[in-house]
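Visitor: Right, I'll just put the structure down here and ask away after.
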Amino acid sequence: MDREQQRKEDDILVRRAKEGDYKSFEALVQKYHRQIVNVSYLIMGNREAAEDATQEVFIKVYNKLSLYSPDTSFFSWLYRMTINTCIDEIRKRKMQKLISLDFLTEEGVESLEYPRERELPSTELHNDEKKEMVNKAMQMLSKEHREVLVLREYVNYGYNEIAETLGISVQAVKSRIFRARAELRTILLKHFKDEL
Amino acid sequence: MKRCKYQPLVSALLDDEVSVQERVVAEEHLQRCVECQQFFSVAQETRAKIQELGTLESEPSQIRRIMDEVWNVRQEYFAWQRIEIPLKHAVVVLTLFVVMVISLFLVNEPQTNRTERPLVAISDSTFSVISILTHDISNQDIAYAAMMSSK
């Protein structure tokens with residue numbers, strides 16, 4: 001389904017949800033839940049926190065649905081709200097600090113998806129280690145750089161869509177993405193040089 | 001750390017957000033700059049890893065939990081036409097409205113239960129005439145006023 005068609009479908013669901021159709025809102029939740037959990041996870045670096053944030057996002061969306069204007073796409077509005085909620089949550093829990101401390105003690109932000117005891121082929125282990133390394137490095141990025149990288153690399157948004165979502169110019173997006181990549185590279189070289 | 005000035009362009013090339021002319025310049029530069037080649041390859045690899053990281057699956061129980069929570073929020077709202085306000089606010093507004101109606105009623109009440117007399121010393125007949133003029137009258141007042149005027 002292309003973006004335009006998706007946008008039209010969303011507008012219909014949002015309009016019905018605004019009129020009080022509970023099922024239409026449920027359809028929106030089902031459609032975007034997976035993406036929102038993953039965006040939250042990439043921003044927060046912790047699965048449990050990401051699930052809590054996702055729940056909060058959808059409740060906020062429900063409460064603020066009357067404020068949504070179809071001038072911007074629903075998913076841009078949703079992502080904006082997700083990013084804001086995650087950043088607020090991080091601030092509340094002082095997670096950034098905890099993550100940094102975890103990193104210093106070599107314990108990491110979260111246990112891996114698979115049991116640590118499981119024997120893995122060396123290539124798979126290497127791959128998962130790298131994944132975890134990137135996850136940790138992402139948490140060390142500044143808020144602006146992290147959100148822009150998530151939108152570009154995970155959500156696969158183009159510069160125009162990122163600009164619309166973040167409310168900045170396309171030129172600013174271009175420059176911010178470059179600086180985010182440069183910062184991520186510096187972090188990886190500084191903290192994970194041996195593992196690279 | 002000093003970086004190659006072409007790196008922002010190389011970054012845009014990775015995102016396919018360059019003009020035809022910029023693409024030619026970026027690709028030519030990339031062939032001869034080792035630093036930009038490294039930047040490009042690290043950025044490509046981290047992109048792949050970020051995409052791999054975002055593979056959490058959506059569980060039906062989580063969606064159920066969200067919808068239950070939304071349902072609870074919905075119950076706390078008072079809806080009329082397309083206007084929805086929190087139930088607490090609706091109760092406050094309704095209470096204020098009731099208090100206002102009662103107050104208005106009480107303000108009008110002294111007109112029918114007039115017992116107060118003017119502070120200045122005036123006769124009963126004058127008082128009754130004033131009452132007629134100010135419409136603050138009763139049948140008894142009219143009878144009394146009529147009697148006094150006939151005297």
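Starting from 1 in every chain, residues are counted up; chains themselves are A, B, ... following the order of the structure tokens, and ligands are numbered from 1 as listed.
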What residues in chain A lie within 8 Å of chain B, counting only C-alpha atoms, written as a ChimeraX atom specification?

Guide: /A:19,26,29-30,33-34,37-39,41-42,51,55,58-59,62,130-131,134-135,150,153-154,158-159,174-175,177-178,181-182,185

Visitor: Find the residues around Ala180 in chain A up to 8 Å (only C-alpha atoms counted), leave out those fewer than 2 positions away in its own chain, and share them as a list in words.

Guide: Leu141, His145, Arg146, Val148, Leu149, Arg176, Ile177, Phe178, Ala182, Glu183 and Leu184 of chain A

Visitor: Mind the document's chain letters and residue numbers, and return as a VMD selection string the residues of range 20-106 of chain B that DSSP labels alpha helix (DSSP H).

Guide: chain B and resid 20 to 32 34 to 53 60 to 75 87 to 106

Visitor: If you measure from CA of Pro70 in chain A to CA of Ile36 in chain A, what distance in Å do you get, rounded to one decimal?

Guide: 19.8 Å

Visitor: Provide the CA of Arg23 in chain B to CA of Ser41 in chain B distance in Å, to one decimal place.

Guide: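 Value for the CA of Arg23 in chain B-CA of Ser41 in chain B distance: 16.9 Å.
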
Visitor: How many Å lie between CA of Tyr6 in chain B and CA of Cys36 in chain B, rounded to one decimal?

Guide: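 These two atoms are separated by 7.5 Å.
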
Visitor: When distances are computed from only C-alpha atoms, which of B:Met148, B:Leu13, B:Cys4, B:Leu87 shows the smallest separation from Val34 in chain B?

Guide: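 Once distances to Val34 in chain B are computed over only C-alpha atoms, the minimum belongs to B:Cys4.
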
Visitor: I'd like to know which of B:Lys2, B:Leu14, B:Val92, B:Val101 is closest to Gln37 in chain B, using only C-alpha atoms.

Guide: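 Once distances to Gln37 in chain B are computed over only C-alpha atoms, the minimum belongs to B:Leu14.
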